[in-house]
Amino acid sequence: MGLLSNLKKIFTGSKPEKSEASPEAVIVPEPVMVPESVTVPKVMPEEKPVVKPSDVKVEKKPEIQEMEEKPVAEKITIGHVHMSGCTGCLVSLADNYEGLFTLLDNYADLNYCLTLADVRDIPKMDVALVEGSVCINDPHSVEDIKKARRNATIVVALGSCAAYGNITRFARGGQWNQPQHENYVPIGDLINVDVYLPACPPSPESIKNVAVMAYLLLRGSDEQKELAAAYLKPLMDLAQRGTDACGCDLMFDVINQGLCMGCGTCVATCPVRAITMSYGKPNIDCDLCIKCGACYAQCPRSFFNFDVMNQFEAIGEAIDAAMGKGDE
Amino acid sequence: MVLGNYKNCVSARAADPSIRSASQDGGIVTQLFAFALEEGIIDGAVVAGQGDEPYNPEPVVATTVAELMEARGTRYTICPNMSMIKEATRSYGLDKVGIVGTPCQIQAIRKAQLYPMGMRSVGSKVALAIGIFCMENFSYQSLETMVEDLCNVKMESAAKMDIGKGKFSVYTSRGAVSQIPLKLTHKFEQPGCHVCLDYVANLADVSTGSVGSPDGWSTVFTRTKAGETIWGKAIEAGYFETKPIADVKPGLDLVTKLATEKITKNQKHLDERATFGVDKGLRNPYI
Ligand SMILES: Cc1cc2nc3c(=O)[nH]c(=O)nc-3n(C[C@H](O)[C@H](O)[C@H](O)COP(=O)(O)OP(=O)(O)OC[C@H]3O[C@@H](n4cnc5c(N)ncnc54)[C@H](O)[C@@H]3O)c2cc1C
Ligand code: SF4
Ligand code: SF4
Ligand code: SF4
């Protein structure tokens, strides 16, 4: 179910469950193998077309065909599944600007996206980026989220509405022109979610990083897979942690646990300025809090994976290189 | 690797005596930010400003050398510098930001760069992160107790506080020194520091502290390409006096010893937390 079995499939090819006789196969897999220290491999697409999006002339159809044919086999497919959200997460994805084109040129085909791709039904895809929560009063939405789960290898809750309900938690119905739509749940209440990317909205950079890591996980060398698995693990753990969030998480899971050291990251993270520091610890104004979960996710004491963080410079450079930015 | 990855390590101090006059150690932080500001390497830096109460700092975005000078010196209490990092890029509109912080705050920056969920347009604008060595920190009320009750000095008459050679020392504006053994301060430490596994700001661009170098000098590690480049330019421009770390006493051995002690002690604490209750433990942020 979910990423684990799919991961196995990806790693082992098409013969996953059969080799039960061998002792290794019986070992219950850890959630994701995280190596002691991961070395950062250079990320480069096999064949990179040197054509900028602006160079593509629509009249020259055959040329476009040619350009797209080579890397297509290497690319992963990503879909954007729009549930009840404000489209801010999609805008954030698009706000990668030329980075978005690099992503789409070299790494991913956007094979489903109501706003940007002309496809009506949710197709099979490697990664579903789901934005928004599910309105349980709308059978179509419920059907769509189930279909997304069935058709996607990896489901990412893109943004806080998908992950935690966020602002849609406050919905009470009564809005034109669907006044009966009043109950919204995070997608994790209805389906298994593999990766959380909370925040309202998650920054363009964070979406880019996760997209590159998803590509490496699915198409990279063994070394790259290791790095990507280590990178994604905390976001997978967040997905296992639960479907509700509040600034109170800082109290319960950081301060009360004796982990807060007063860095103030949570304050900078909060999109509604609900957090202030008082004598070195955060205070949360729960009336302002929109339940986005960003503060907890961003807090260095919610998760801090040294195996990845210790290589921040190399990973940053590798992602930049993958995105076609030279290291000046 | 208790000292983290680094490219170079030297003992150094600011060449400008007017910076050193009120800096904590060799004036590395203030001098390097001032240099970076003058050279346009940064547009401003998040530092520990003076705040309303004596020795209770508040993060400020310094955009002038005068503001950097105002913020010199160590305050042994929490200054949530990360709380201003987004503000610096938004309200202040800075494209190239400097920030000084304890190792935990530098960790927060790197997480904000690698997992920038709620940190839009922040990560790429951090141009110079200077880390300061840190063994532990104290809540303001703890610091007040240590200074006023144990050292018998009013907070407002303290001119400098320092931890070194096993003592917590308070220097008053009238020239007196009041010292207590560091041992007496341990119980006042911030609990969050007891799970901290970084002594010398392993993830900074440049990190610095007093330990390892003679009085008035600082130990400086350059760690990243950016840190190495900026430090190199500052040296070339004559902003720092340096000595090879191998030539000074007590040198890197002491830094290594203290770093090992801190990490070993706190790793043990983390292990104990795992079995804190009966079949129940406390959360470990590193797994
Ligand atoms: C809590 C704490 C514990 C420390 N423990 C050690 C130690 O065990 N061993 C060691 O060698 N060094 C330690 N240091 C570092 C040392 O005290 C000096 O800050 C460091 O050597 C820099 O001195 P300087 O002369 O280069 O900097 P200066 O030019 O004096 O500038 C210091 C800079 O640090 C900033 N700052 C001051 N207080 C804080 C704070 N609480 N949080 C964030 N930024 C602050 C100031 O705004 C200023 O920009 C500690 C510092 C702190 C804050
Ligand atoms: S981000 Fe975490 S550690 Fe930092 S002040 Fe907030 S709750 Fe404390
Ligand atoms: S306090 Fe702010 S960042 Fe935290 S969950 Fe609430 S709205 Fe989100
Ligand atoms: S000991 Fe660690 S957690 Fe505590 S202030 Fe220093 S760097 Fe931060």
# chains A, B, ... in the order shown; residues from 1 in each chain; ligands from 1
>>> residues_around(residues="Ala108 in chain A", least_positions_apart="6", cutoff="7 Å", atoms="only C-alpha atoms", output="PyMOL selection string")
chain A and resi 75-78
>>> interface_residues(of="chain A", to="chain B", cutoff="6 Å", atoms="only C-alpha atoms", output="mmCIF file with N, CA and C atoms, in the first residue's frame")
data_model
loop_
_atom_site.group_PDB
_atom_site.id
_atom_site.type_symbol
_atom_site.label_atom_id
_atom_site.label_comp_id
_atom_site.auth_asym_id
_atom_site.auth_seq_id
_atom_site.Cartn_x
_atom_site.Cartn_y
_atom_site.Cartn_z
ATOM 1 N N ALA A 199 2.349 24.210 4.575
ATOM 2 C CA ALA A 199 2.509 25.666 4.520
ATOM 3 C C ALA A 199 1.448 26.239 3.594
ATOM 4 N N PRO A 202 2.996 26.300 0.374
ATOM 5 C CA PRO A 202 4.406 25.909 0.429
ATOM 6 C C PRO A 202 5.184 26.749 -0.585
ATOM 7 N N SER A 203 6.379 27.139 -0.226
ATOM 8 C CA SER A 203 7.141 28.045 -1.084
ATOM 9 C C SER A 203 7.473 27.383 -2.412
ATOM 10 N N SER A 206 10.340 25.027 -2.096
ATOM 11 C CA SER A 206 10.113 23.736 -1.452
ATOM 12 C C SER A 206 9.453 22.767 -2.438
ATOM 13 N N GLY A 258 10.459 19.664 26.019
ATOM 14 C CA GLY A 258 11.791 20.129 26.417
ATOM 15 C C GLY A 258 12.738 20.293 25.255
ATOM 16 N N LEU A 259 12.199 20.623 24.080
ATOM 17 C CA LEU A 259 13.042 20.697 22.891
ATOM 18 C C LEU A 259 13.233 22.111 22.353
ATOM 19 N N CYS A 260 12.371 23.043 22.728
ATOM 20 C CA CYS A 260 12.467 24.389 22.159
ATOM 21 C C CYS A 260 13.708 25.095 22.687
ATOM 22 N N MET A 261 14.474 25.717 21.768
ATOM 23 C CA MET A 261 15.631 26.499 22.207
ATOM 24 C C MET A 261 15.508 27.957 21.798
ATOM 25 N N GLY A 262 14.329 28.342 21.327
ATOM 26 C CA GLY A 262 14.065 29.764 21.145
ATOM 27 C C GLY A 262 14.637 30.410 19.907
ATOM 28 N N CYS A 263 14.779 29.642 18.820
ATOM 29 C CA CYS A 263 15.405 30.220 17.629
ATOM 30 C C CYS A 263 14.527 31.237 16.918
ATOM 31 N N GLY A 264 13.198 31.095 17.060
ATOM 32 C CA GLY A 264 12.296 32.061 16.437
ATOM 33 C C GLY A 264 11.876 31.731 15.015
ATOM 34 N N THR A 265 12.288 30.576 14.523
ATOM 35 C CA THR A 265 11.916 30.180 13.160
ATOM 36 C C THR A 265 10.400 30.139 12.978
ATOM 37 N N VAL A 267 8.159 31.912 14.316
ATOM 38 C CA VAL A 267 7.603 33.259 14.167
ATOM 39 C C VAL A 267 7.677 33.692 12.706
ATOM 40 N N ALA A 268 8.845 33.493 12.108
ATOM 41 C CA ALA A 268 9.039 33.914 10.718
ATOM 42 C C ALA A 268 8.172 33.095 9.773
ATOM 43 N N THR A 269 7.878 31.859 10.161
ATOM 44 C CA THR A 269 7.148 30.962 9.279
ATOM 45 C C THR A 269 5.663 31.276 9.211
ATOM 46 N N GLY A 280 12.003 34.251 25.037
ATOM 47 C CA GLY A 280 12.695 33.135 24.412
ATOM 48 C C GLY A 280 11.846 31.935 24.038
ATOM 49 N N ALA A 294 2.559 24.918 9.407
ATOM 50 C CA ALA A 294 3.865 25.307 8.861
ATOM 51 C C ALA A 294 4.887 25.527 9.968
ATOM 52 N N PRO A 300 13.182 23.669 13.637
ATOM 53 C CA PRO A 300 14.317 22.737 13.567
ATOM 54 C C PRO A 300 14.254 21.647 14.629
ATOM 55 N N ARG A 301 13.371 21.786 15.582
ATOM 56 C CA ARG A 301 13.236 20.748 16.593
ATOM 57 C C ARG A 301 11.993 19.881 16.367
ATOM 58 N N SER A 302 11.313 20.028 15.217
ATOM 59 C CA SER A 302 10.293 19.027 14.871
ATOM 60 C C SER A 302 11.016 17.865 14.203
ATOM 61 N N PHE A 303 11.797 18.157 13.176
ATOM 62 C CA PHE A 303 12.701 17.140 12.639
ATOM 63 C C PHE A 303 13.978 17.822 12.203
ATOM 64 N N PHE A 304 15.059 17.138 12.372
ATOM 65 C CA PHE A 304 16.342 17.633 11.870
ATOM 66 C C PHE A 304 17.203 16.431 11.542
ATOM 67 N N ASN A 305 17.274 16.115 10.253
ATOM 68 C CA ASN A 305 17.995 14.918 9.824
ATOM 69 C C ASN A 305 19.433 15.288 9.452
#
>>> closest_residue(among="A:Cys295, A:Tyr279, A:Asn111, A:Gln311", to="ligand 1", atoms="only C-alpha atoms and all ligand atoms")
A:Tyr279
>>> select_by_dssp(residues="range 39-244 of chain A", states="strand (DSSP E)", output="PyMOL selection string")
chain A and resi 76-82+108-113+125-131+134-135+152-158+184-185+195-197
>>> closest_atom_pairs(of="chain B", to="ligand 1", cutoff="6 Å", atoms="only C-alpha atoms and all ligand atoms", output="CSV")
residue,atom,partner,partner_atom_place_in_ligand_line,distance
B:Ser23,CA,ligand 1,30 (O),3.3
B:Gln24,CA,ligand 1,30 (O),3.8
B:Asp25,CA,ligand 1,25 (O),3.4
B:Gly26,CA,ligand 1,25 (O),4.3
B:Gly27,CA,ligand 1,25 (O),3.3
B:Ile28,CA,ligand 1,26 (O),3.5
B:Val29,CA,ligand 1,26 (O),4.3
B:Thr30,CA,ligand 1,29 (O),3.9
B:Val47,CA,ligand 1,47 (O),4.1
B:Ala48,CA,ligand 1,47 (O),3.4
B:Gly49,CA,ligand 1,47 (O),5.8
B:Ala71,CA,ligand 1,47 (O),4.3
B:Arg72,CA,ligand 1,30 (O),4.1
B:Gly73,CA,ligand 1,30 (O),3.6
B:Thr74,CA,ligand 1,37 (C),3.8
B:Arg75,CA,ligand 1,38 (N),4.1
B:Tyr76,CA,ligand 1,1 (C),4.3
B:Thr77,CA,ligand 1,41 (N),4.9
B:Ile78,CA,ligand 1,41 (N),4.9
B:Cys79,CA,ligand 1,42 (N),4.5
B:Val100,CA,ligand 1,44 (N),5.6
B:Gly101,CA,ligand 1,43 (C),4.5
B:Thr102,CA,ligand 1,43 (C),5.7
B:Ile132,CA,ligand 1,15 (C),4.8
B:Phe133,CA,ligand 1,12 (N),4.3
B:Cys134,CA,ligand 1,5 (N),3.5
B:Met135,CA,ligand 1,8 (O),4.1
B:Glu136,CA,ligand 1,3 (C),5.6
B:Asn137,CA,ligand 1,1 (C),4.3
B:Thr208,CA,ligand 1,21 (O),5.5
B:Gly209,CA,ligand 1,21 (O),3.3
B:Ser210,CA,ligand 1,11 (O),3.6
B:Val211,CA,ligand 1,11 (O),3.8
